[in-house]
Amino acid sequence: MKGKAEVIVGMQWGDEGKGRVADAITPKSDVIVRYQGGANSGHTVIVEGKKYIFHILPSGMLYSGKTCVVGNGVALDPDRLFEELDELSSQGMDRARLIVSGSAHVVMPYHKILDHFEESKGLKRRQGTTEQGIGPCYVDKFGRTGIRVCDLMHPDMLRDKLDYILGLKNQIITRIYDEKPISFDALYDKAMAWKERLSLYVGDCSKVVTQALNEGKCILFEGAQGTMLDIDHGTYPYVTSSNPTCGGVCTGTGVGPKNIDRIIGVAKAYCTRVGEGPLPTEDLEEKGQYLREKGREYCAATGRPRRCGWLDLVALKYAARINGTTHLAITKLDVLSGLEEIKVCVAYDCDGKRSEEYPVDTHILSAAKPVYKTFKGFSQDMSEAETIEDLPQVARDYVKFIEDQTGVPVVILGVGPDRKETIFRETR
Ligand code: GDP
Ligand code: IMO
Ligand code: MG
C-alpha cells in the first residue's frame, strides 16, 4: 500500500503560519521533510504558551517517534542547525530522529559575509535579505562551485575544492569589497568540526521518503518562505533564491510528482511582507499599524517589523494556480477582530484597466492599485472557538468568500497562535 504525501506551502510572502499548520498536521505524519530555504526561515510553534522557532529543522521535531529530514534542496548552515538541535535538547524536546541529505548545499561563512556586503556596501540593489547567506549559497549551487554535505565527508578532496573556491571568494572580498580575506585554515578546521557532527545524520532523502511511502507511511513536506518569494513565480527580483512552491518538493527531496496527494496552501487572513518589493495591498497608515501590533508582525528570523495590508485575492488565486493547491489553511483570523471594516482585494487597477489576473511582470505589479470589496468588521474573541460555527457570521462569510474566489476548500483555521487554537474542518 502506498502511503500519503502532503505539502505545506506558503501562499503569500512568507510567515503565513506554516510552522503552526505543520505542527497541527504532524501527529498524523510519520516523516516530515524540509525541501528548500534555510535559516532565512523562522517557523513558530506555540504549545501551551511555550514558543519554539524552527529555522532549518522541520517543525515535526517536537513530536517523538517521527523522522525529520532536511532535504537536498535546503541551504544548510551547520552552525545554525547545531544551535537549534542544542536548544531543543536542552529542553528535552529533540524527540524525532533526524536525517540530513548528503546532497544539501552547505552555507559557508563566505556566503554570509557576501550576503552582508551585497546588502550593505551599496554596489548591488538592496533586497532586504535575511543576510543568512542563502542567495550566495544557491548561486554557488547553480554555478557548480558549491560545497555539499557529502563533500565534508572527504577531507582531502574538500581541501582541494575549498582551496580553489576560497581563492575565488577572497578575490571578491578583497578586490571588490576591499575587506580582509578569509583564512583557509580556520575555514577548513570549521568544516572538519562540522563533518564530525553531521556524519551522525547524513542520509539519502529520496530513499528515505520513497521507502516510507512504500511502507504505507504519511509524509509531510514543509515549505519555507512563500509563493510570492519564489525565484521563478514570485515578485522577481524581490524574491528568495529557491522554489518554495510545490514544484520545489520534487527537486528538493527527490520524490516524483505523482506521489503527492494533497497540497495545503497556508495564507494569513491578511497580508504581510518583510524586505523590499511590491505588496499591492500594503497599508502604511493606521490599519496596517493595527494589524502589525495585534498580529505581532515582527519577523521570527530577524525581528524586523513586517509590512502589513489587506488580503490579496488576486495574488492568492495566482498562488493556488502555481501550486495546484488542493486545500487551504487560513491563519490569524482572530487578528481581524476589532476592526470596523475589513477589506479584501478582488482585482487590480492597472493603468485604469480592471484586471483579476495577477501580472507576472513586476513593473506592472508595482504600479497596480488594489480594488477592494469591504466586509463589516466583528469584535468577538475567537480563541475558544472549536468549530467554524462558533465564529461570528461575518468571519464565516469571509472564509466562504475566500473559498468561492479561489475554488479551494478551507480545511484549517487559525484563531490564535497556540496549538490548541486551531479549527479543523475535516477529519483525515
Ligand atoms: P511561518 O514562517 O509561515 O511558519 O510563520 P511565522 O512563524 O514566521 O509567523 C507567523 C506568526 O503568527 C507567528 O508569530 C505565529 O505564532 C503567529 N500565528 C500563527 N497562526 C496564528 C493565528 O491563527 N492567530 C494568531 N494570533 N497568531 C498566529
Ligand atoms: P519563512 O519560512 C518572510 C525574504 C527576505 C527578503 C527576501 C530574500 O519564515 O516564511 P533571503 O534571505 O531569502 O535571500 O531574502 O525574502 N524572506 C522571508 N520573508 N518569511 C521567510 O521565511 C523569509 N525568508 C526570506 O525578507 O525580502
Ligand atoms: Mg516565518
# chains A, B, ... in the order shown; residues from 1 in each chain; ligands from 1

call {"tool": "residues_around", "arguments": {"residues": "Glu48 in chain A", "least_positions_apart": "3", "cutoff": "10 Å", "atoms": "only C-alpha atoms", "output": "mmCIF file with C-alpha atoms, in the first residue's frame"}}
result
data_model
loop_
_atom_site.group_PDB
_atom_site.id
_atom_site.type_symbol
_atom_site.label_atom_id
_atom_site.label_comp_id
_atom_site.auth_asym_id
_atom_site.auth_seq_id
_atom_site.Cartn_x
_atom_site.Cartn_y
_atom_site.Cartn_z
ATOM 1 C CA VAL A 45 5.053 26.776 17.048
ATOM 2 C CA LYS A 51 7.281 29.227 21.938
ATOM 3 C CA PRO A 417 -1.188 31.337 17.893
ATOM 4 C CA ASP A 418 -1.342 28.367 20.267
ATOM 5 C CA ARG A 419 -1.512 24.757 19.082
ATOM 6 C CA LYS A 420 -4.949 24.427 20.666
#

call {"tool": "residues_near_ligand", "arguments": {"ligand": "ligand 2", "cutoff": "9 Å", "atoms": "only C-alpha atoms and all ligand atoms", "output": "number ranges by chain"}}
result
A: 10, 12-19, 37-44, 54-55, 115, 127-136, 223-226, 229-230, 238-242, 244, 272-277, 299-302, 304, 306

call {"tool": "closest_residue", "arguments": {"among": "A:Asp204, A:Asp381, A:Glu83, A:Glu6", "to": "ligand 1", "atoms": "only C-alpha atoms and all ligand atoms"}}
result
A:Asp381

call {"tool": "closest_residue", "arguments": {"among": "A:Gly203, A:Pro392, A:Gly414, A:Pro237", "to": "Val70 in chain A", "atoms": "only C-alpha atoms"}}
result
A:Gly203

call {"tool": "select_by_dssp", "arguments": {"residues": "range 57-201 of chain A", "states": "strand (DSSP E or B)", "output": "PyMOL selection string"}}
result
chain A and resi 67-70+74-76+97-101+105-106+148

call {"tool": "residues_around", "arguments": {"residues": "range 250-255 of chain A", "least_positions_apart": "5", "cutoff": "8 Å", "atoms": "only C-alpha atoms", "output": "ChimeraX atom specification"}}
result
/A:33,35-36,71-74,205-206,209-210

call {"tool": "residues_around", "arguments": {"residues": "range 172-176 of chain A", "least_positions_apart": "3", "cutoff": "10 Å", "atoms": "only C-alpha atoms", "output": "MDAnalysis selection string"}}
result
chainID A and resid 110 113:114 117 123 166:169 179:182

call {"tool": "residues_around", "arguments": {"residues": "His105 in chain A", "least_positions_apart": "2", "cutoff": "7 Å", "atoms": "only C-alpha atoms", "output": "PyMOL selection string"}}
result
chain A and resi 74-76+103+107+141+146-149

call {"tool": "atom_distance", "arguments": {"atom1": "CA of Met93 in chain A", "atom2": "CA of Asp23 in chain A"}}
result
13.8 Å

call {"tool": "residues_around", "arguments": {"residues": "Tyr164 in chain A", "least_positions_apart": "5", "cutoff": "12 Å", "atoms": "only C-alpha atoms", "output": "PyMOL selection string"}}
result
chain A and resi 145-147+157-159+169-171+184

call {"tool": "write_last_selection", "arguments": {"atoms": "C-alpha atoms", "output": "compact mmCIF listing (two decimals), in the first residue's frame"}}
result
# COMPACT_ATOMS: atom_id res chain seq x y z
CA THR A 145 31.02 25.77 -7.12
CA GLY A 146 29.01 24.73 -4.06
CA ILE A 147 30.12 22.52 -1.17
CA MET A 157 39.01 16.21 -1.75
CA LEU A 158 37.44 19.02 0.32
CA ARG A 159 40.86 20.59 0.94
CA LYS A 169 35.81 34.27 -2.93
CA ASN A 170 38.79 36.06 -1.42
CA GLN A 171 39.38 37.86 -4.71
CA PHE A 184 41.85 28.95 4.73

call {"tool": "residues_around", "arguments": {"residues": "Pro370 in chain A", "least_positions_apart": "6", "cutoff": "7 Å", "atoms": "only C-alpha atoms", "output": "list in words"}}
result
Pro280, Thr281, Cys345, Ala347, Tyr348 and Asp349 of chain A

call {"tool": "closest_residue", "arguments": {"among": "A:His363, A:Lys268, A:His111, A:Lys294", "to": "ligand 3", "atoms": "only C-alpha atoms and all ligand atoms"}}
result
A:Lys268

call {"tool": "closest_residue", "arguments": {"among": "A:Asp283, A:Val266, A:Cys218, A:Leu213", "to": "ligand 3", "atoms": "only C-alpha atoms and all ligand atoms"}}
result
A:Val266

call {"tool": "select_by_dssp", "arguments": {"residues": "range 226-318 of chain A", "states": "alpha helix (DSSP H)", "output": "JSON, numbers by chain"}}
result
{"A": [247, 248, 249, 250, 251, 252, 253, 286, 287, 288, 289, 290, 291, 292, 293, 294, 313, 314, 315, 316, 317, 318]}

call {"tool": "write_last_selection", "arguments": {"atoms": "N, CA, C and O atoms", "output": "PDB file, in the first residue's frame"}}
result
ATOM      1  N   GLY A 247       6.495  22.711  -6.792  1.00  0.00           N
ATOM      2  CA  GLY A 247       7.485  22.049  -7.635  1.00  0.00           C
ATOM      3  C   GLY A 247       8.803  21.832  -6.911  1.00  0.00           C
ATOM      4  O   GLY A 247       9.538  20.881  -7.205  1.00  0.00           O
ATOM      5  N   GLY A 248       9.093  22.700  -5.952  1.00  0.00           N
ATOM      6  CA  GLY A 248      10.329  22.588  -5.175  1.00  0.00           C
ATOM      7  C   GLY A 248      10.400  21.294  -4.376  1.00  0.00           C
ATOM      8  O   GLY A 248      11.487  20.846  -4.007  1.00  0.00           O
ATOM      9  N   VAL A 249       9.250  20.698  -4.102  1.00  0.00           N
ATOM     10  CA  VAL A 249       9.234  19.440  -3.338  1.00  0.00           C
ATOM     11  C   VAL A 249       9.963  18.348  -4.123  1.00  0.00           C
ATOM     12  O   VAL A 249      10.746  17.574  -3.574  1.00  0.00           O
ATOM     13  N   CYS A 250       9.681  18.269  -5.426  1.00  0.00           N
ATOM     14  CA  CYS A 250      10.252  17.188  -6.239  1.00  0.00           C
ATOM     15  C   CYS A 250      11.759  17.356  -6.374  1.00  0.00           C
ATOM     16  O   CYS A 250      12.514  16.419  -6.139  1.00  0.00           O
ATOM     17  N   THR A 251      12.184  18.573  -6.718  1.00  0.00           N
ATOM     18  CA  THR A 251      13.629  18.789  -6.884  1.00  0.00           C
ATOM     19  C   THR A 251      14.336  18.821  -5.528  1.00  0.00           C
ATOM     20  O   THR A 251      15.476  18.400  -5.421  1.00  0.00           O
ATOM     21  N   GLY A 252      13.647  19.290  -4.510  1.00  0.00           N
ATOM     22  CA  GLY A 252      14.293  19.479  -3.204  1.00  0.00           C
ATOM     23  C   GLY A 252      14.313  18.253  -2.321  1.00  0.00           C
ATOM     24  O   GLY A 252      14.882  18.302  -1.220  1.00  0.00           O
ATOM     25  N   THR A 253      13.690  17.158  -2.790  1.00  0.00           N
ATOM     26  CA  THR A 253      13.705  15.940  -1.958  1.00  0.00           C
ATOM     27  C   THR A 253      13.933  14.666  -2.773  1.00  0.00           C
ATOM     28  O   THR A 253      14.246  13.624  -2.212  1.00  0.00           O
ATOM     29  N   GLU A 286      -2.962  53.730   9.593  1.00  0.00           N
ATOM     30  CA  GLU A 286      -3.432  53.217  10.879  1.00  0.00           C
ATOM     31  C   GLU A 286      -3.828  51.726  10.852  1.00  0.00           C
ATOM     32  O   GLU A 286      -3.524  50.981  11.781  1.00  0.00           O
ATOM     33  N   LYS A 287      -4.491  51.281   9.747  1.00  0.00           N
ATOM     34  CA  LYS A 287      -4.954  49.887   9.697  1.00  0.00           C
ATOM     35  C   LYS A 287      -3.770  48.921   9.606  1.00  0.00           C
ATOM     36  O   LYS A 287      -3.772  47.868  10.244  1.00  0.00           O
ATOM     37  N   GLY A 288      -2.759  49.300   8.819  1.00  0.00           N
ATOM     38  CA  GLY A 288      -1.557  48.473   8.719  1.00  0.00           C
ATOM     39  C   GLY A 288      -0.864  48.378  10.075  1.00  0.00           C
ATOM     40  O   GLY A 288      -0.409  47.311  10.493  1.00  0.00           O
ATOM     41  N   GLN A 289      -0.843  49.490  10.768  1.00  0.00           N
ATOM     42  CA  GLN A 289      -0.254  49.553  12.115  1.00  0.00           C
ATOM     43  C   GLN A 289      -1.029  48.648  13.074  1.00  0.00           C
ATOM     44  O   GLN A 289      -0.453  47.921  13.873  1.00  0.00           O
ATOM     45  N   TYR A 290      -2.376  48.694  12.953  1.00  0.00           N
ATOM     46  CA  TYR A 290      -3.242  47.869  13.799  1.00  0.00           C
ATOM     47  C   TYR A 290      -2.915  46.386  13.593  1.00  0.00           C
ATOM     48  O   TYR A 290      -2.743  45.621  14.550  1.00  0.00           O
ATOM     49  N   LEU A 291      -2.829  45.982  12.314  1.00  0.00           N
ATOM     50  CA  LEU A 291      -2.551  44.573  12.002  1.00  0.00           C
ATOM     51  C   LEU A 291      -1.175  44.172  12.552  1.00  0.00           C
ATOM     52  O   LEU A 291      -1.009  43.076  13.096  1.00  0.00           O
ATOM     53  N   ARG A 292      -0.200  45.080  12.423  1.00  0.00           N
ATOM     54  CA  ARG A 292       1.152  44.750  12.904  1.00  0.00           C
ATOM     55  C   ARG A 292       1.166  44.563  14.412  1.00  0.00           C
ATOM     56  O   ARG A 292       1.753  43.611  14.924  1.00  0.00           O
ATOM     57  N   GLU A 293       0.483  45.432  15.132  1.00  0.00           N
ATOM     58  CA  GLU A 293       0.515  45.327  16.591  1.00  0.00           C
ATOM     59  C   GLU A 293      -0.348  44.178  17.082  1.00  0.00           C
ATOM     60  O   GLU A 293       0.077  43.370  17.885  1.00  0.00           O
ATOM     61  N   LYS A 294      -1.566  44.068  16.554  1.00  0.00           N
ATOM     62  CA  LYS A 294      -2.456  42.988  17.015  1.00  0.00           C
ATOM     63  C   LYS A 294      -1.901  41.632  16.589  1.00  0.00           C
ATOM     64  O   LYS A 294      -1.981  40.642  17.329  1.00  0.00           O
ATOM     65  N   LEU A 313      -6.629  38.720  -2.888  1.00  0.00           N
ATOM     66  CA  LEU A 313      -7.183  37.510  -3.516  1.00  0.00           C
ATOM     67  C   LEU A 313      -6.657  37.293  -4.926  1.00  0.00           C
ATOM     68  O   LEU A 313      -6.653  36.165  -5.412  1.00  0.00           O
ATOM     69  N   VAL A 314      -6.222  38.380  -5.576  1.00  0.00           N
ATOM     70  CA  VAL A 314      -5.641  38.212  -6.920  1.00  0.00           C
ATOM     71  C   VAL A 314      -4.367  37.365  -6.788  1.00  0.00           C
ATOM     72  O   VAL A 314      -4.164  36.385  -7.505  1.00  0.00           O
ATOM     73  N   ALA A 315      -3.534  37.748  -5.820  1.00  0.00           N
ATOM     74  CA  ALA A 315      -2.286  37.008  -5.599  1.00  0.00           C
ATOM     75  C   ALA A 315      -2.581  35.600  -5.059  1.00  0.00           C
ATOM     76  O   ALA A 315      -1.900  34.636  -5.415  1.00  0.00           O
ATOM     77  N   LEU A 316      -3.611  35.490  -4.218  1.00  0.00           N
ATOM     78  CA  LEU A 316      -3.925  34.171  -3.631  1.00  0.00           C
ATOM     79  C   LEU A 316      -4.410  33.187  -4.698  1.00  0.00           C
ATOM     80  O   LEU A 316      -4.048  32.007  -4.700  1.00  0.00           O
ATOM     81  N   LYS A 317      -5.217  33.706  -5.633  1.00  0.00           N
ATOM     82  CA  LYS A 317      -5.701  32.830  -6.732  1.00  0.00           C
ATOM     83  C   LYS A 317      -4.525  32.394  -7.606  1.00  0.00           C
ATOM     84  O   LYS A 317      -4.458  31.258  -8.055  1.00  0.00           O
ATOM     85  N   TYR A 318      -3.612  33.329  -7.828  1.00  0.00           N
ATOM     86  CA  TYR A 318      -2.409  33.013  -8.599  1.00  0.00           C
ATOM     87  C   TYR A 318      -1.618  31.893  -7.885  1.00  0.00           C
ATOM     88  O   TYR A 318      -1.201  30.909  -8.503  1.00  0.00           O
TER      89      TYR A 318
END

call {"tool": "closest_residue", "arguments": {"among": "A:Cys271, A:Cys137, A:Leu152, A:Ile32", "to": "ligand 1", "atoms": "only C-alpha atoms and all ligand atoms"}}
result
A:Cys271
